[in-house]
Amino acid sequence: MKYQIPRGTYDILPEQSHKWQRIISAFRELAAAYGYEEISTPVFEQAGLFERSSGESSDVVKKEMYRFTDQKGREFALRPEGTAPVARSYLENRMDIGAAVRKLYYIGPMFRYDRPQAGRYRQFQQYGIELIGSDNPYYDAEVISLLWFYLSGLGLAKLRLEINSVGCPNCARDYDAALQDYFRPHLGQLCPDCRQRFELKPRRLLDCKVKTCREIAQGAPSQLDYLDEPCRKHFQDTQHQLELMGIPFTINPRIVRGLDYYTNTAFEVSYEGLGAQNSLAGGGRYNGLLEQIGGKNIPAIGFAGGFERLLLALEEEKVPLGNAPAPELFVVTLGEAAREYVLPYLNKLRLAGIQAEYDPDKNSFKAQLKAADGRRARHALIIGETELAARSVILKDLASGEQQTYPLEPLSVLIEAIRR
Ligand code: AMP
């Protein structure tokens, strides 16, 4: 083979696409029921948007971003995540005018240069929602509930929801100082990245994936002990709403999320059976982001999840996602006159919503029936010279072998029989 697919990417083959369509439309339907509207932004943006929002020292920006310079020397990046582009679009399109809150959802590819492994790709598909314009903990709970009911509604049982509060910049100041006090004696054992994080963003020390750093981080002080009164109340109110909805959760002070813009609620849903890449989705409040990228101080909350891991989890739990659709009808012709007749006739059936196929490369009756079988068609529709002369067709149920004659026109009688 001369050309190969880029490392860390994959093709969605026709045999798989019905599964994708199923989980994508389930997300669209639920998001719409919750009052969210779809937004689509470009797959590339000015690189500065991500540097400014995610933080220049975040892994996503430092190591994983696909950057490129265009013909005029402008710096762009393939989007590594969806929140900053949606926030950019919200500000640019003045969505703050009018409605108090905007409830948006998106579906689309994201790009990160990371080491590929099961459940981790360089191009992956995310679904996500962003609720912009309110700081009410009611919405924290609403957003979490949408995610929870989406995943559980698909049939996943081994789900785990963990929540935390990372506080506001006011709480973070004291907490950062406490973290530095804790990590200072261990500086020599930390990885080079963490030594940088120690100065720049001590909270990132909690998110490191290196084993020794993780072990040291075990004993670090908890953000929850450093929340100021409004943040503590916000977190309590969010939990109360989750309890009212009967959504099970645990509090995990280690959920800090890797990007700079998070404040208050942070959450993650993981799936037990997935090994290392077991996080299905995550999100949180980002009250600082819109101001950071040039807007007013507008509070917001959202989440993002990956469809690839979701499919892996559904497979692991053996949730049936149906089969690739098979044609309702396979047309079989006998003789030249019938062949002349078939294309206009097929079109009428197709425009009436019947999935109908025909194989013009096969001539004999036997070869055409075999093709119908191969495509797992439900019915064969036989049009021969005798039938044409009598203005009729034969509809054959390919499973039972039963067949019956119908008039060629009007189609309604035949369609009713096919749908029965
Ligand atoms: P994040 O934006 O890193 O919080 O990721 C949110 C969700 O996107 C994760 O829980 C995964 O389901 C998915 N995800 C993130 N990175 C990848 C990746 N490289 N490959 C596949 N899915 C990913």
# chains A, B, ... in the order shown; residues from 1 in each chain; ligands from 1
$ residues_around --residues "segment 299-308 of chain A" --least-positions-apart "3" --cutoff "6 Å" --atoms "only C-alpha atoms" --output "MDAnalysis selection string"
chainID A and resid 125:135 280:287 311
$ residues_around --residues "segment 194-204 of chain A" --least-positions-apart "4" --cutoff "10 Å" --atoms "only C-alpha atoms" --output "ChimeraX atom specification"
/A:55,57-59,166,172,175-180,183-184,186-190,208,210,213,223,254,256-260
$ residues_around --residues "segment 390-392 of chain A" --least-positions-apart "2" --cutoff "12 Å" --atoms "only C-alpha atoms" --output "ChimeraX atom specification"
/A:338,341,381-388,394-395,404-411,413-414
$ select_by_dssp --residues "segment 187-410 of chain A" --states "strand (DSSP E)" --output "ChimeraX atom specification"
/A:250-251,263-271,279-285,300-306,329-333,356-358,379-383,392-397,403-407
$ write_last_selection --atoms "N, CA and C atoms" --output "short mmCIF file (atom, residue, chain, number, x, y, z; two decimals), in the first residue's frame"
data_model
loop_
_atom_site.label_atom_id
_atom_site.label_comp_id
_atom_site.auth_asym_id
_atom_site.auth_seq_id
_atom_site.Cartn_x
_atom_site.Cartn_y
_atom_site.Cartn_z
N THR A 250 -19.68 10.51 43.77
CA THR A 250 -18.75 10.57 44.88
C THR A 250 -17.92 11.84 44.73
N ILE A 251 -17.44 12.33 45.86
CA ILE A 251 -16.60 13.52 45.81
C ILE A 251 -15.16 13.08 45.72
N THR A 263 -13.37 26.78 37.18
CA THR A 263 -13.64 27.33 38.52
C THR A 263 -14.79 26.51 39.12
N ASN A 264 -14.86 26.48 40.41
CA ASN A 264 -15.96 25.77 41.10
C ASN A 264 -16.09 24.31 40.65
N THR A 265 -17.30 23.94 40.21
CA THR A 265 -17.59 22.53 39.96
C THR A 265 -16.71 21.92 38.87
N ALA A 266 -16.11 20.77 39.18
CA ALA A 266 -15.41 19.98 38.16
C ALA A 266 -15.96 18.56 38.28
N PHE A 267 -16.13 17.87 37.18
CA PHE A 267 -16.69 16.51 37.28
C PHE A 267 -16.19 15.63 36.15
N GLU A 268 -16.30 14.35 36.40
CA GLU A 268 -15.85 13.39 35.41
C GLU A 268 -16.73 12.15 35.52
N VAL A 269 -17.05 11.55 34.38
CA VAL A 269 -17.75 10.26 34.42
C VAL A 269 -16.81 9.23 33.81
N SER A 270 -16.55 8.17 34.57
CA SER A 270 -15.67 7.13 34.05
C SER A 270 -16.44 5.81 33.98
N TYR A 271 -15.84 4.89 33.24
CA TYR A 271 -16.47 3.59 33.06
C TYR A 271 -15.49 2.54 33.54
N SER A 279 -11.91 7.44 31.25
CA SER A 279 -12.74 8.63 31.42
C SER A 279 -13.62 8.82 30.18
N LEU A 280 -14.92 8.74 30.39
CA LEU A 280 -15.85 8.87 29.25
C LEU A 280 -16.12 10.32 28.92
N ALA A 281 -16.16 11.15 29.94
CA ALA A 281 -16.47 12.55 29.71
C ALA A 281 -16.12 13.35 30.95
N GLY A 282 -15.89 14.62 30.74
CA GLY A 282 -15.57 15.46 31.89
C GLY A 282 -15.94 16.90 31.60
N GLY A 283 -16.06 17.65 32.66
CA GLY A 283 -16.41 19.05 32.43
C GLY A 283 -16.33 19.85 33.70
N GLY A 284 -16.86 21.03 33.65
CA GLY A 284 -16.84 21.87 34.83
C GLY A 284 -17.24 23.28 34.51
N ARG A 285 -17.22 24.06 35.55
CA ARG A 285 -17.58 25.47 35.42
C ARG A 285 -16.34 26.25 34.98
N ALA A 300 -20.07 30.38 33.09
CA ALA A 300 -20.47 29.32 32.15
C ALA A 300 -20.08 27.96 32.71
N ILE A 301 -20.70 26.93 32.17
CA ILE A 301 -20.39 25.54 32.56
C ILE A 301 -20.64 24.61 31.38
N GLY A 302 -19.85 23.53 31.32
CA GLY A 302 -20.06 22.60 30.20
C GLY A 302 -19.34 21.28 30.43
N PHE A 303 -19.44 20.40 29.45
CA PHE A 303 -18.67 19.15 29.49
C PHE A 303 -18.37 18.70 28.07
N ALA A 304 -17.43 17.76 27.96
CA ALA A 304 -17.16 17.14 26.67
C ALA A 304 -16.88 15.67 26.90
N GLY A 305 -17.31 14.86 25.96
CA GLY A 305 -17.05 13.42 26.04
C GLY A 305 -16.63 12.92 24.67
N GLY A 306 -15.99 11.76 24.66
CA GLY A 306 -15.54 11.20 23.39
C GLY A 306 -16.42 10.03 22.97
N LEU A 329 -36.14 -3.79 0.03
CA LEU A 329 -36.58 -4.33 -1.25
C LEU A 329 -35.41 -4.49 -2.20
N PHE A 330 -35.36 -5.63 -2.86
CA PHE A 330 -34.35 -5.81 -3.91
C PHE A 330 -35.11 -6.15 -5.18
N VAL A 331 -34.95 -5.32 -6.20
CA VAL A 331 -35.73 -5.52 -7.42
C VAL A 331 -35.01 -6.50 -8.34
N VAL A 332 -35.77 -7.46 -8.85
CA VAL A 332 -35.23 -8.50 -9.74
C VAL A 332 -35.99 -8.38 -11.06
N THR A 333 -35.26 -8.21 -12.16
CA THR A 333 -35.95 -8.09 -13.45
C THR A 333 -35.66 -9.29 -14.33
N ALA A 356 -34.69 0.71 -1.57
CA ALA A 356 -34.80 -0.29 -2.64
C ALA A 356 -33.52 -0.35 -3.46
N GLU A 357 -33.11 -1.57 -3.83
CA GLU A 357 -31.88 -1.72 -4.60
C GLU A 357 -32.09 -2.60 -5.81
N TYR A 358 -31.11 -2.54 -6.69
CA TYR A 358 -31.17 -3.29 -7.94
C TYR A 358 -29.74 -3.51 -8.37
N HIS A 379 -37.35 -8.24 1.11
CA HIS A 379 -38.22 -8.70 0.03
C HIS A 379 -37.50 -8.65 -1.31
N ALA A 380 -37.92 -9.51 -2.22
CA ALA A 380 -37.54 -9.34 -3.62
C ALA A 380 -38.80 -8.90 -4.36
N LEU A 381 -38.60 -7.96 -5.29
CA LEU A 381 -39.73 -7.52 -6.11
C LEU A 381 -39.44 -7.97 -7.53
N ILE A 382 -40.23 -8.89 -8.01
CA ILE A 382 -39.92 -9.49 -9.30
C ILE A 382 -40.76 -8.86 -10.41
N ILE A 383 -40.03 -8.31 -11.40
CA ILE A 383 -40.72 -7.72 -12.55
C ILE A 383 -40.26 -8.48 -13.80
N SER A 392 -48.38 -5.98 -13.43
CA SER A 392 -48.31 -6.44 -12.04
C SER A 392 -46.85 -6.74 -11.65
N VAL A 393 -46.64 -6.90 -10.36
CA VAL A 393 -45.31 -7.29 -9.85
C VAL A 393 -45.52 -8.39 -8.81
N ILE A 394 -44.43 -9.15 -8.56
CA ILE A 394 -44.51 -10.18 -7.52
C ILE A 394 -43.64 -9.76 -6.35
N LEU A 395 -44.23 -9.75 -5.17
CA LEU A 395 -43.46 -9.41 -3.97
C LEU A 395 -43.19 -10.70 -3.21
N LYS A 396 -41.89 -10.98 -3.01
CA LYS A 396 -41.53 -12.23 -2.36
C LYS A 396 -40.83 -11.94 -1.03
N ASP A 397 -41.37 -12.52 0.03
CA ASP A 397 -40.73 -12.39 1.34
C ASP A 397 -39.55 -13.35 1.38
N GLN A 403 -44.96 -15.54 -1.57
CA GLN A 403 -45.01 -14.46 -2.54
C GLN A 403 -46.44 -14.15 -2.95
N GLN A 404 -46.62 -12.91 -3.40
CA GLN A 404 -47.95 -12.46 -3.77
C GLN A 404 -47.87 -11.43 -4.89
N THR A 405 -48.91 -11.39 -5.71
CA THR A 405 -48.90 -10.46 -6.84
C THR A 405 -49.63 -9.16 -6.47
N TYR A 406 -49.05 -8.05 -6.91
CA TYR A 406 -49.67 -6.73 -6.67
C TYR A 406 -49.72 -5.97 -7.97
N PRO A 407 -50.62 -4.98 -8.07
CA PRO A 407 -50.62 -4.16 -9.28
C PRO A 407 -49.36 -3.28 -9.33
#
$ closest_residue --among "A:Leu104, A:Leu154, A:Arg375, A:Ser145" --to "Ser25 of chain A" --atoms "only C-alpha atoms"
A:Leu154
$ atom_distance --atom1 "atom CA of Asp361 of chain A" --atom2 "atom CA of Leu334 of chain A"
12.8 Å
